[in-house]
Each structure stands twice: as structure tokens, then as C-alpha cells.
$ cat data.cif   # mmCIF, C-alpha atoms
data_final
loop_
_atom_site.group_PDB
_atom_site.id
_atom_site.type_symbol
_atom_site.label_atom_id
_atom_site.label_comp_id
_atom_site.auth_asym_id
_atom_site.auth_seq_id
_atom_site.Cartn_x
_atom_site.Cartn_y
_atom_site.Cartn_z
ATOM 1 C CA MET A 18 171.312 160.778 100.412
ATOM 2 C CA GLN A 19 168.535 162.620 102.227
ATOM 3 C CA LYS A 20 165.984 159.920 101.447
ATOM 4 C CA GLN A 21 166.698 156.244 101.034
ATOM 5 C CA ILE A 22 165.025 154.105 98.395
ATOM 6 C CA ASN A 23 163.032 152.209 101.000
ATOM 7 C CA ASP A 24 161.873 155.369 102.807
ATOM 8 C CA PRO A 25 158.153 154.796 103.626
ATOM 9 C CA ASP A 26 157.458 158.489 102.882
ATOM 10 C CA ARG A 27 158.287 157.811 99.256
ATOM 11 C CA GLU A 28 155.871 154.975 98.574
ATOM 12 C CA GLU A 29 153.735 155.224 95.436
ATOM 13 C CA ALA A 30 150.559 157.319 95.593
ATOM 14 C CA ILE A 31 148.243 154.335 95.203
ATOM 15 C CA LYS A 32 147.961 152.308 98.412
ATOM 16 C CA HIS A 33 146.874 148.831 97.398
ATOM 17 C CA SER A 34 143.910 147.089 98.989
ATOM 18 C CA SER A 35 144.027 145.322 102.344
ATOM 19 C CA VAL A 36 141.807 142.842 104.178
ATOM 20 C CA PHE A 37 140.345 145.706 106.246
ATOM 21 C CA ILE A 38 139.819 148.081 103.297
ATOM 22 C CA PRO A 39 139.701 146.005 100.081
ATOM 23 C CA TYR A 40 140.027 148.975 97.723
ATOM 24 C CA SER A 41 142.113 152.122 97.133
ATOM 25 C CA TYR A 42 141.583 155.322 95.151
ATOM 26 C CA CYS A 43 144.011 157.630 93.380
ATOM 27 C CA HIS A 44 143.773 160.765 91.248
ATOM 28 C CA GLY A 45 146.761 160.962 88.919
ATOM 29 C CA VAL A 46 148.312 163.459 86.524
ATOM 30 C CA MET A 47 151.042 162.794 83.966
ATOM 31 C CA PRO A 48 153.690 163.893 83.699
ATOM 32 C CA ASP A 49 154.238 164.401 87.427
ATOM 33 C CA TYR A 50 157.558 163.086 88.724
ATOM 34 C CA TYR A 51 157.864 160.739 85.744
ATOM 35 C CA PRO A 52 156.683 161.176 82.149
ATOM 36 C CA CYS A 53 154.574 157.998 82.106
ATOM 37 C CA VAL A 54 153.244 155.082 84.136
ATOM 38 C CA PRO A 55 155.658 152.287 83.140
ATOM 39 C CA LEU A 56 154.673 148.647 82.764
ATOM 40 C CA HIS A 57 153.530 147.116 86.034
ATOM 41 C CA TRP A 58 150.940 144.735 87.463
ATOM 42 C CA HIS A 59 149.064 144.086 90.691
ATOM 43 C CA ARG A 60 146.690 141.530 92.191
ATOM 44 C CA GLU A 61 143.630 143.806 92.220
ATOM 45 C CA PHE A 62 141.130 144.830 89.573
ATOM 46 C CA GLU A 63 141.667 148.385 88.356
ATOM 47 C CA ILE A 64 139.105 150.776 86.900
ATOM 48 C CA CYS A 65 140.621 153.837 85.237
ATOM 49 C CA MET A 66 138.697 156.791 83.809
ATOM 50 C CA ILE A 67 140.535 159.347 81.655
ATOM 51 C CA LEU A 68 139.484 162.875 82.697
ATOM 52 C CA SER A 69 141.555 164.993 80.308
ATOM 53 C CA GLY A 70 144.247 164.574 77.678
ATOM 54 C CA GLN A 71 145.041 161.563 75.519
ATOM 55 C CA CYS A 72 147.382 158.660 76.196
ATOM 56 C CA THR A 73 148.635 155.430 74.749
ATOM 57 C CA PHE A 74 147.476 152.579 76.971
ATOM 58 C CA ARG A 75 148.948 149.099 76.959
ATOM 59 C CA ARG A 76 147.063 146.177 78.485
ATOM 60 C CA ASP A 77 148.913 142.901 77.970
ATOM 61 C CA GLY A 78 149.108 142.505 74.191
ATOM 62 C CA ASP A 79 146.619 145.310 73.416
ATOM 63 C CA ILE A 80 147.878 148.827 72.636
ATOM 64 C CA PHE A 81 145.260 151.548 72.142
ATOM 65 C CA THR A 82 144.644 155.290 72.467
ATOM 66 C CA ALA A 83 142.526 156.460 75.409
ATOM 67 C CA LYS A 84 140.810 159.871 75.454
ATOM 68 C CA PRO A 85 138.656 161.822 77.936
ATOM 69 C CA GLU A 86 135.692 159.841 79.344
ATOM 70 C CA ASP A 87 137.155 156.507 78.202
ATOM 71 C CA ILE A 88 136.951 153.725 80.795
ATOM 72 C CA ILE A 89 139.674 151.076 81.014
ATOM 73 C CA ILE A 90 139.364 147.902 83.091
ATOM 74 C CA ILE A 91 142.534 146.077 84.151
ATOM 75 C CA PRO A 92 142.005 142.516 85.470
ATOM 76 C CA PRO A 93 144.306 141.249 88.246
ATOM 77 C CA GLY A 94 147.744 140.088 87.095
ATOM 78 C CA THR A 95 147.609 142.078 83.855
ATOM 79 C CA MET A 96 150.648 144.027 82.651
ATOM 80 C CA HIS A 97 149.726 147.605 81.755
ATOM 81 C CA SER A 98 151.232 151.040 81.192
ATOM 82 C CA ILE A 99 150.123 154.592 80.342
ATOM 83 C CA HIS A 100 152.040 157.035 78.132
ATOM 84 C CA PRO A 101 150.729 160.609 77.642
ATOM 85 C CA TYR A 102 150.193 161.696 74.064
ATOM 86 C CA GLY A 103 150.889 165.345 73.292
ATOM 87 C CA GLY A 104 150.341 166.887 76.726
ATOM 88 C CA ARG A 105 149.182 166.312 80.294
ATOM 89 C CA VAL A 106 146.780 163.517 81.178
ATOM 90 C CA ALA A 107 144.537 163.400 84.254
ATOM 91 C CA TYR A 108 142.763 160.262 85.426
ATOM 92 C CA ASP A 109 140.959 158.624 88.348
ATOM 93 C CA ILE A 110 141.746 155.060 89.417
ATOM 94 C CA ILE A 111 140.285 152.606 91.895
ATOM 95 C CA LEU A 112 141.933 149.295 92.758
ATOM 96 C CA PHE A 113 139.830 146.614 94.431
ATOM 97 C CA HIS A 114 140.185 142.968 95.364
ATOM 98 C CA PRO A 115 137.891 140.513 93.478
ATOM 99 C CA ARG A 116 136.396 139.337 96.771
ATOM 100 C CA ILE A 117 134.616 142.694 97.121
ATOM 101 C CA ILE A 118 132.040 141.549 94.547
ATOM 102 C CA THR A 119 131.828 137.871 95.443
ATOM 103 C CA GLY A 120 131.643 135.857 98.623
ATOM 104 C CA GLY A 121 134.485 133.520 97.667
ATOM 105 C CA ASN A 122 135.737 131.116 95.030
ATOM 106 C CA ASP A 123 132.803 128.725 95.243
ATOM 107 C CA ASP A 124 129.762 130.795 94.265
ATOM 108 C CA ARG A 125 128.465 131.014 90.705
ATOM 109 C CA ILE A 126 129.344 134.713 90.348
ATOM 110 C CA TYR A 127 132.998 133.786 90.707
ATOM 111 C CA ILE A 128 132.852 130.514 88.782
ATOM 112 C CA GLU A 129 130.785 131.742 85.810
ATOM 113 C CA LEU A 130 131.807 135.409 85.557
ATOM 114 C CA LEU A 131 135.015 136.332 87.411
ATOM 115 C CA GLU A 132 137.160 133.205 86.977
ATOM 116 C CA PRO A 133 137.023 133.429 83.142
ATOM 117 C CA ILE A 134 138.269 137.040 83.371
ATOM 118 C CA LEU A 135 141.022 136.157 85.848
ATOM 119 C CA SER A 136 142.197 133.211 83.733
ATOM 120 C CA GLY A 137 142.040 135.144 80.462
ATOM 121 C CA LYS A 138 139.226 133.037 78.975
ATOM 122 C CA SER A 139 137.083 136.194 78.834
ATOM 123 C CA VAL A 140 138.286 139.683 77.977
ATOM 124 C CA ILE A 141 136.871 143.144 78.761
ATOM 125 C CA GLY A 142 136.693 145.664 75.907
ATOM 126 C CA THR A 143 139.437 148.302 75.520
ATOM 127 C CA PRO A 144 138.607 151.080 75.965
ATOM 128 C CA ILE A 145 134.932 151.424 76.893
ATOM 129 C CA CYS A 146 133.828 154.667 75.208
ATOM 130 C CA THR A 147 130.775 156.876 74.816
ATOM 131 C CA LYS A 148 129.592 154.903 71.771
ATOM 132 C CA ASN A 149 128.492 152.033 74.001
ATOM 133 C CA PRO A 150 124.702 152.292 74.565
ATOM 134 C CA TYR A 151 125.218 151.527 78.268
ATOM 135 C CA TYR A 152 128.037 154.085 78.663
ATOM 136 C CA ASN A 153 126.067 156.754 80.576
ATOM 137 C CA LYS A 154 124.840 154.187 83.094
ATOM 138 C CA MET A 155 128.373 152.822 83.517
ATOM 139 C CA LYS A 156 129.780 156.328 83.934
ATOM 140 C CA ASP A 157 127.175 157.155 86.615
ATOM 141 C CA SER A 158 128.067 153.927 88.397
ATOM 142 C CA ILE A 159 131.796 154.689 88.254
ATOM 143 C CA ASN A 160 131.285 158.227 89.560
ATOM 144 C CA THR A 161 129.428 156.774 92.544
ATOM 145 C CA ILE A 162 132.248 154.248 93.067
ATOM 146 C CA PHE A 163 134.897 157.004 92.990
ATOM 147 C CA ASN A 164 132.903 159.205 95.368
ATOM 148 C CA CYS A 165 132.520 156.345 97.857
ATOM 149 C CA SER A 166 136.216 155.476 97.660
ATOM 150 C CA ARG A 167 137.194 159.131 98.265
ATOM 151 C CA GLU A 168 135.063 159.236 101.427
ATOM 152 C CA ASN A 169 136.579 155.935 102.595
ATOM 153 C CA ARG A 170 134.037 155.237 105.350
ATOM 154 C CA ALA A 171 132.445 151.953 106.401
ATOM 155 C CA GLU A 172 128.877 153.011 105.547
ATOM 156 C CA GLN A 173 129.996 154.148 102.084
ATOM 157 C CA ASP A 174 131.608 150.742 101.549
ATOM 158 C CA LEU A 175 128.112 149.238 101.368
ATOM 159 C CA LEU A 176 127.187 151.514 98.462
ATOM 160 C CA LEU A 177 130.577 151.013 96.801
ATOM 161 C CA LYS A 178 130.204 147.223 96.845
ATOM 162 C CA SER A 179 126.709 147.387 95.412
ATOM 163 C CA GLU A 180 127.811 149.797 92.656
ATOM 164 C CA LEU A 181 130.765 147.566 91.716
ATOM 165 C CA MET A 182 128.362 144.655 91.308
ATOM 166 C CA ARG A 183 126.030 146.858 89.259
ATOM 167 C CA PHE A 184 128.946 148.045 87.118
ATOM 168 C CA PHE A 185 129.978 144.476 86.283
ATOM 169 C CA TRP A 186 126.350 143.670 85.502
ATOM 170 C CA LEU A 187 126.346 146.612 83.070
ATOM 171 C CA LEU A 188 129.591 145.341 81.521
ATOM 172 C CA ILE A 189 127.919 142.014 80.811
ATOM 173 C CA LYS A 190 124.686 143.574 79.525
ATOM 174 C CA SER A 191 126.628 145.934 77.248
ATOM 175 C CA GLY A 192 128.566 143.097 75.629
ATOM 176 C CA GLU A 193 131.934 144.396 76.830
ATOM 177 C CA ILE A 194 132.865 141.010 78.358
ATOM 178 C CA GLN A 195 133.464 138.445 75.637
ATOM 179 C CA LEU A 196 135.291 135.174 75.149
ATOM 180 C CA SER A 197 138.971 135.797 74.447
ATOM 181 C CA GLU A 198 140.585 134.634 71.232
ATOM 182 C CA ARG A 199 143.800 134.034 73.135
ATOM 183 C CA GLU A 200 143.737 132.516 76.611
ATOM 184 C CA ARG A 201 146.387 133.797 78.980
ATOM 185 C CA SER A 202 149.469 131.618 78.611
ATOM 186 C CA GLY A 203 151.697 130.174 81.287
ATOM 187 C CA LEU A 204 154.327 132.665 80.139
ATOM 188 C CA SER A 205 152.844 135.334 82.395
ATOM 189 C CA GLU A 206 153.190 133.101 85.445
ATOM 190 C CA MET A 207 156.913 132.732 84.721
ATOM 191 C CA MET A 208 157.484 136.464 84.218
ATOM 192 C CA TYR A 209 155.667 137.918 87.225
ATOM 193 C CA PRO A 210 158.328 136.718 89.719
ATOM 194 C CA VAL A 211 160.930 138.412 87.512
ATOM 195 C CA ILE A 212 159.031 141.709 87.626
ATOM 196 C CA GLU A 213 158.797 141.442 91.413
ATOM 197 C CA TYR A 214 162.503 140.623 91.683
ATOM 198 C CA ILE A 215 163.420 143.700 89.634
ATOM 199 C CA ALA A 216 161.148 145.903 91.776
ATOM 200 C CA GLU A 217 162.898 144.710 94.944
ATOM 201 C CA HIS A 218 166.509 144.640 93.681
ATOM 202 C CA PHE A 219 166.775 147.273 90.921
ATOM 203 C CA SER A 220 169.366 149.258 92.924
ATOM 204 C CA GLU A 221 171.698 146.246 92.900
ATOM 205 C CA HIS A 222 173.801 144.766 90.106
ATOM 206 C CA ILE A 223 171.410 142.525 88.139
ATOM 207 C CA THR A 224 172.342 140.244 85.257
ATOM 208 C CA VAL A 225 170.228 138.466 82.672
ATOM 209 C CA GLU A 226 171.580 135.215 84.121
ATOM 210 C CA GLN A 227 170.080 136.097 87.530
ATOM 211 C CA LEU A 228 166.706 136.961 86.034
ATOM 212 C CA ALA A 229 166.663 133.752 83.985
ATOM 213 C CA LYS A 230 167.226 131.771 87.188
ATOM 214 C CA VAL A 231 164.301 133.545 88.865
ATOM 215 C CA ALA A 232 162.112 132.440 85.936
ATOM 216 C CA HIS A 233 163.684 128.938 85.941
ATOM 217 C CA LEU A 234 164.549 129.295 82.244
ATOM 218 C CA SER A 235 167.685 129.205 80.125
ATOM 219 C CA GLU A 236 169.118 132.655 79.323
ATOM 220 C CA SER A 237 168.240 132.539 75.625
ATOM 221 C CA TYR A 238 164.687 131.285 76.215
ATOM 222 C CA PHE A 239 164.202 133.824 78.994
ATOM 223 C CA MET A 240 165.335 136.763 76.842
ATOM 224 C CA ASN A 241 163.027 135.759 73.993
ATOM 225 C CA SER A 242 160.108 135.086 76.348
ATOM 226 C CA PHE A 243 160.509 138.348 78.272
ATOM 227 C CA LYS A 244 160.490 140.444 75.118
ATOM 228 C CA LYS A 245 157.502 138.524 73.776
ATOM 229 C CA PHE A 246 155.601 139.078 77.016
ATOM 230 C CA LEU A 247 156.437 142.747 77.711
ATOM 231 C CA GLY A 248 157.385 144.042 74.273
ATOM 232 C CA LEU A 249 160.849 145.141 75.406
ATOM 233 C CA THR A 250 164.029 143.481 76.623
ATOM 234 C CA ALA A 251 164.677 142.714 80.290
ATOM 235 C CA THR A 252 167.548 145.227 80.259
ATOM 236 C CA ASP A 253 165.338 147.980 78.840
ATOM 237 C CA TYR A 254 162.655 147.229 81.434
ATOM 238 C CA LEU A 255 165.217 147.312 84.256
ATOM 239 C CA ASN A 256 166.473 150.682 83.005
ATOM 240 C CA GLN A 257 162.912 152.051 82.952
ATOM 241 C CA VAL A 258 162.381 151.022 86.580
ATOM 242 C CA ARG A 259 165.698 152.580 87.605
ATOM 243 C CA ILE A 260 165.052 155.820 85.716
ATOM 244 C CA LYS A 261 161.644 156.171 87.346
ATOM 245 C CA GLU A 262 163.414 156.101 90.731
ATOM 246 C CA VAL A 263 166.030 158.552 89.468
ATOM 247 C CA CYS A 264 163.240 160.991 88.540
ATOM 248 C CA LYS A 265 161.785 160.769 92.040
ATOM 249 C CA LEU A 266 165.128 161.440 93.685
ATOM 250 C CA LEU A 267 165.904 164.330 91.338
ATOM 251 C CA LEU A 268 162.727 166.026 92.553
ATOM 252 C CA GLU A 269 162.813 165.008 96.223
ATOM 253 C CA THR A 270 166.498 165.517 97.057
ATOM 254 C CA ASN A 271 169.321 167.940 96.298
ATOM 255 C CA GLU A 272 171.882 165.200 95.727
ATOM 256 C CA GLY A 273 174.042 165.222 92.610
ATOM 257 C CA VAL A 274 173.011 163.382 89.473
ATOM 258 C CA THR A 275 175.945 160.965 89.663
ATOM 259 C CA GLU A 276 175.195 159.950 93.252
ATOM 260 C CA ILE A 277 171.511 159.434 92.445
ATOM 261 C CA ALA A 278 172.401 157.332 89.412
ATOM 262 C CA PHE A 279 174.601 155.060 91.548
ATOM 263 C CA VAL A 280 171.938 154.702 94.259
ATOM 264 C CA CYS A 281 169.440 153.597 91.588
ATOM 265 C CA GLY A 282 171.703 150.901 90.168
ATOM 266 C CA PHE A 283 173.558 152.651 87.328
ATOM 267 C CA ARG A 284 177.324 152.123 87.380
ATOM 268 C CA ASN A 285 178.250 153.605 83.995
ATOM 269 C CA ILE A 286 177.424 157.334 83.959
ATOM 270 C CA PRO A 287 177.714 157.927 80.174
ATOM 271 C CA ASN A 288 175.366 154.967 79.655
ATOM 272 C CA PHE A 289 173.013 156.342 82.331
ATOM 273 C CA ASN A 290 172.885 159.775 80.665
ATOM 274 C CA ARG A 291 172.125 158.169 77.311
ATOM 275 C CA ARG A 292 169.411 155.922 78.751
ATOM 276 C CA PHE A 293 167.820 158.798 80.672
ATOM 277 C CA LYS A 294 167.625 160.962 77.540
ATOM 278 C CA GLU A 295 166.062 158.070 75.597
ATOM 279 C CA VAL A 296 163.300 157.538 78.184
ATOM 280 C CA VAL A 297 162.611 161.073 79.485
ATOM 281 C CA ASP A 298 163.628 163.054 76.373
ATOM 282 C CA CYS A 299 165.877 165.463 78.280
ATOM 283 C CA THR A 300 168.960 165.378 80.501
ATOM 284 C CA PRO A 301 168.669 164.772 84.293
ATOM 285 C CA LEU A 302 169.608 168.410 85.040
ATOM 286 C CA GLU A 303 167.050 169.692 82.532
ATOM 287 C CA TYR A 304 164.447 167.475 84.164
ATOM 288 C CA ARG A 305 165.246 168.789 87.660
ATOM 289 C CA ARG A 306 165.311 172.401 86.437
ATOM 290 C CA SER A 307 161.971 172.122 84.640
ATOM 291 C CA ALA A 308 160.342 170.679 87.763
ATOM 292 C CA LYS A 309 161.635 173.471 89.988
ATOM 293 C CA ASN A 310 160.410 176.070 87.500
ATOM 294 C CA GLY A 311 156.966 174.461 87.443
ATOM 295 C CA SER A 312 157.257 173.543 83.765
ATOM 296 C CA MET A 313 157.508 169.744 83.903
ATOM 297 C CA ILE A 314 158.700 168.357 80.561
#

$ encode --input "data.cif" --output "C-alpha cells"
Amino acid sequence: MQKQINDPDREEAIKHSSVFIPYSYCHGVMPDYYPCVPLHWHREFEICMILSGQCTFRRDGDIFTAKPEDIIIIPPGTMHSIHPYGGRVAYDIILFHPRIITGGNDDRIYIELLEPILSGKSVIGTPICTKNPYYNKMKDSINTIFNCSRENRAEQDLLLKSELMRFFWLLIKSGEIQLSERERSGLSEMMYPVIEYIAEHFSEHITVEQLAKVAHLSESYFMNSFKKFLGLTATDYLNQVRIKEVCKLLLETNEGVTEIAFVCGFRNIPNFNRRFKEVVDCTPLEYRRSAKNGSMI
């Protein structure tokens, strides 16, 4: 293979926050190398604004349609995915660590406002749309936040931090943060290590028994719990992760489909071809051809 799976040049477009720079910005378009943003999670807050197109957005147990100018807030540790609906979708995203808007875990901003969101006791509306009377103010605030994050300079960080605090103040004033009817269960805590394990080992042979051990559950309870938590089986999720990597390698290398399938963890080629068609809605060769012709499926 020309590029290995762990090649640093092939890391995802969004660089997550660090201690030095506690935020990251990304402009995305779907489909690009993959027809959707599959289920994933991270430890940062995420603010997403849809710029064009429509998509089906999943945030934990909520599934909704997002359209241009809609704002979606993803709290840390929340499973979410984006699936385009009837065409291309463009969006802006910023990821930021909670500490950027609070001094620590012992001030009243964190205790009274952020901790309930992080624990699932409070929930942010999905999506935030133009009907909200505070929408224009929130949109102006978000545009300032995106502009600061694009510049990525220390002096702009001061404005970005202040605008994030103002944005959360607007969320509260607008009534978008409310008590949740369902507090986040301990099920999520058991499943996150499984998601991380799959991300690190998807190219290897993985069994349900292995994943159940990672979650410290029996196989039957694990299978039921995983599907309840993510809405699909562990095997289907593993195949989605593998196929996403297949799509990248189809575009970034000239290697054969069979070799790419093996590198990404598929050992049964007829099964791989069937799974690929189910997820991407075309064959691997059709996918590669459409990308080279500039007509991504």
C-alpha cells in the first residue's frame, strides 16, 4: 500500500483541541471521500452550522432534519452523525473544550450551567432555527466565533472566548437549554470504550466476544445494549468504520479493491462488496471512478 492506515498525513480534517489551543475549526462538505459523517463522539463541545443542503442529524436518541442556517450543539461525550438528504451539504464546525468558558470545575458557571449539560440533566434544543427570537443574535455570535477560529491567533482567542460565553448566555435566555426528560444513563459510559477500541483496531479481526469483554458485559447483554445505544448492531457499526477507511484509500491510493478491503479488516470479499453497496449505494470501482471524474456519488 502507498499509504498505511496510521499515516499522519491521512488524519481527519478536524484537529481536536489541545491545552495550548483549546478549540479547532473545520469547514466540511458531504459527500467528500465518504457519503456521510458516521456515528462518533469526542470530549469537546461542538457547534455546527448548516450552510447549504439538508441532512438527517442524529444526536444520541434524537433524529431530526437540519437545513441551511440551522445551528446544532453537541455536548461532550454525545454520539452523533450526519447523513446528507438529497444532495450535497456544506457546514462549519468548531470544537472546543468546556474549560474555555469556565475557570474550572468549582465555579458556579460550571456547577449550575455546564455540569447539568455534561451529565445529561439539561438538554440543548435540536436544531436551533430561525424561528427562535434570539436566533439572529446567536448567528452573529457564531459568525464571530468562526471568524476568530479561522484566524487562530492569540489575540483573537480573547474575542472567541468572550463570544462563546455570550453564545451560551443567549442559549439560556432563548430557552434552548432545558431540563432533560431522560438523564444520560450509565450505558454510554460502558459503550464509549468499545467505540474507541473499534477505532483503534478495526483493521484487525474483531469478534463480538472481544467487544463484550471491553464493555465488561456478557455477549447477549452487550449486543442488546449496543443496539439500544447506537441504533445499530456492533457488527454494522464496525463495517461502517471499515468502509469509511476503504473510501479514503480508494481515493488516495491506486491499490486494488481487494487489497484495500483486506487492509481495512474485511476477509470475505463477496461480503465486503455487499456491505459496501449497502452503505455507499454503489460498488467500490464505481465510487473510485465517480471521484476521479469529479462526480462524487

$ residues_around --input "data.cif" --residues "Ile134 of chain A" --least-positions-apart "6" --cutoff "9 Å" --atoms "all atoms listed in the file" --output "VMD selection string"
chain A and resid 92 to 93 140 to 141 194 196

$ closest_residue --input "data.cif" --among "A:Pro150, A:Cys72, A:Pro133, A:Val297" --to "Lys190 of chain A" --atoms "only C-alpha atoms"
A:Pro150

$ resolve_selection --input "data.cif" --expression "the PyMOL selection byres ((chain A and resi 52-55) around 9)" --output "list in words"
Met47, Pro48, Asp49, Tyr50, Tyr51, Leu56, His57, His97, Ser98, Ile99, His100, Pro101, Tyr254, Gln257, Val258, Lys261, Val296, Val297, Met313 and Ile314 of chain A

$ residues_around --input "data.cif" --residues "Ile162 of chain A" --least-positions-apart "5" --cutoff "12 Å" --atoms "all atoms listed in the file" --output "NGL selection string"
:A and (40-42 or 64-66 or 109-113 or 155-157 or 167-169 or 173-184)

$ atom_distance --input "data.cif" --atom1 "atom CA of Asn149 of chain A" --atom2 "atom CA of Glu193 of chain A"
8.8 Å

$ atom_distance --input "data.cif" --atom1 "atom CA of Val263 of chain A" --atom2 "atom CA of Ala83 of chain A"
27.5 Å

$ closest_residue --input "data.cif" --among "A:Leu302, A:Val106, A:Ile260, A:Met208" --to "Ser242 of chain A" --atoms "all atoms listed in the file"
A:Met208

$ closest_residue --input "data.cif" --among "A:Ser191, A:Asp77, A:Asn160, A:Ser166" --to "Gly137 of chain A" --atoms "all atoms listed in the file"
A:Asp77

$ residues_around --input "data.cif" --residues "Leu130 of chain A" --least-positions-apart "4" --cutoff "10 Å" --atoms "all atoms listed in the file" --output "NGL selection string"
:A and (125-126 or 134-135 or 139 or 185-186 or 189 or 194)

$ write_last_selection --input "data.cif" --atoms "C-alpha atoms" --output "CSV table (one decimal), in the coordinates of the input"
chain,number,residue,atom,x,y,z
A,125,ARG,CA,128.5,131.0,90.7
A,126,ILE,CA,129.3,134.7,90.3
A,134,ILE,CA,138.3,137.0,83.4
A,135,LEU,CA,141.0,136.2,85.8
A,139,SER,CA,137.1,136.2,78.8
A,185,PHE,CA,130.0,144.5,86.3
A,186,TRP,CA,126.4,143.7,85.5
A,189,ILE,CA,127.9,142.0,80.8
A,194,ILE,CA,132.9,141.0,78.4

$ residues_around --input "data.cif" --residues "His218 of chain A" --least-positions-apart "2" --cutoff "12 Å" --atoms "only C-alpha atoms" --output "JSON, numbers by chain"
{"A": [22, 23, 211, 212, 213, 214, 215, 216, 220, 221, 222, 223, 224, 227, 228, 255, 258, 259, 280, 281, 282]}

$ atom_distance --input "data.cif" --atom1 "atom CA of Pro287 of chain A" --atom2 "atom CA of Asn271 of chain A"
20.8 Å

$ residues_around --input "data.cif" --residues "segment 289-295 of chain A" --least-positions-apart "3" --cutoff "10 Å" --atoms "all atoms listed in the file" --output "list in words"
Asp253, Asn256, Gln257, Arg259, Ile260, Lys261, Val263, Cys264, Val274, Thr275, Ala278, Phe279, Gly282, Phe283, Arg284, Asn285, Ile286, Asp298, Cys299, Thr300, Pro301 and Tyr304 of chain A

$ closest_residue --input "data.cif" --among "A:Arg76, A:Arg60, A:Arg116, A:Lys138" --to "Phe246 of chain A" --atoms "only C-alpha atoms"
A:Arg76

$ decode --input "data.cif" --residues "segment 146-153 of chain A" --atoms "all heavy atoms" --output "short mmCIF file (atom, residue, chain, number, x, y, z; two decimals), in the first residue's frame"
data_model
loop_
_atom_site.label_atom_id
_atom_site.label_comp_id
_atom_site.auth_asym_id
_atom_site.auth_seq_id
_atom_site.Cartn_x
_atom_site.Cartn_y
_atom_site.Cartn_z
N CYS A 146 -33.26 27.00 15.20
CA CYS A 146 -33.59 27.52 13.87
C CYS A 146 -34.00 28.98 13.92
O CYS A 146 -34.03 29.61 14.99
CB CYS A 146 -34.69 26.67 13.23
SG CYS A 146 -36.24 26.67 14.16
N THR A 147 -34.31 29.52 12.75
CA THR A 147 -34.59 30.95 12.62
C THR A 147 -35.85 31.39 13.37
O THR A 147 -36.05 32.58 13.58
CB THR A 147 -34.74 31.32 11.13
OG1 THR A 147 -35.75 30.49 10.53
CG2 THR A 147 -33.42 31.11 10.40
N LYS A 148 -36.69 30.44 13.77
CA LYS A 148 -37.91 30.79 14.49
C LYS A 148 -37.63 31.29 15.90
O LYS A 148 -38.46 31.98 16.49
CB LYS A 148 -38.85 29.58 14.55
CG LYS A 148 -39.41 29.16 13.20
CD LYS A 148 -40.33 27.96 13.35
CE LYS A 148 -40.89 27.53 12.00
NZ LYS A 148 -41.78 26.34 12.12
N ASN A 149 -36.48 30.93 16.44
CA ASN A 149 -36.14 31.39 17.79
C ASN A 149 -35.94 32.90 17.79
O ASN A 149 -35.21 33.43 16.96
CB ASN A 149 -34.85 30.69 18.26
CG ASN A 149 -34.56 30.94 19.73
OD1 ASN A 149 -34.34 32.07 20.14
ND2 ASN A 149 -34.54 29.88 20.51
N PRO A 150 -36.59 33.63 18.71
CA PRO A 150 -36.47 35.10 18.72
C PRO A 150 -35.05 35.60 18.94
O PRO A 150 -34.74 36.76 18.62
CB PRO A 150 -37.40 35.52 19.87
CG PRO A 150 -37.57 34.30 20.71
CD PRO A 150 -37.50 33.14 19.76
N TYR A 151 -34.18 34.77 19.49
CA TYR A 151 -32.79 35.16 19.72
C TYR A 151 -31.87 34.67 18.60
O TYR A 151 -30.66 34.83 18.69
CB TYR A 151 -32.28 34.59 21.05
CG TYR A 151 -32.79 35.34 22.27
CD1 TYR A 151 -34.06 35.12 22.76
CD2 TYR A 151 -31.98 36.26 22.93
CE1 TYR A 151 -34.53 35.79 23.88
CE2 TYR A 151 -32.43 36.93 24.06
CZ TYR A 151 -33.71 36.69 24.52
OH TYR A 151 -34.17 37.36 25.63
N TYR A 152 -32.45 34.08 17.54
CA TYR A 152 -31.63 33.43 16.51
C TYR A 152 -30.61 34.38 15.89
O TYR A 152 -29.43 34.04 15.76
CB TYR A 152 -32.50 32.83 15.41
CG TYR A 152 -31.66 32.22 14.31
CD1 TYR A 152 -31.14 30.93 14.43
CD2 TYR A 152 -31.32 32.97 13.18
CE1 TYR A 152 -30.33 30.41 13.44
CE2 TYR A 152 -30.51 32.44 12.19
CZ TYR A 152 -30.02 31.16 12.32
OH TYR A 152 -29.21 30.64 11.35
N ASN A 153 -31.04 35.58 15.46
CA ASN A 153 -30.12 36.49 14.78
C ASN A 153 -28.93 36.86 15.66
O ASN A 153 -27.79 36.96 15.18
CB ASN A 153 -30.86 37.75 14.32
CG ASN A 153 -31.79 37.47 13.15
OD1 ASN A 153 -31.57 36.54 12.37
ND2 ASN A 153 -32.84 38.27 13.02
#
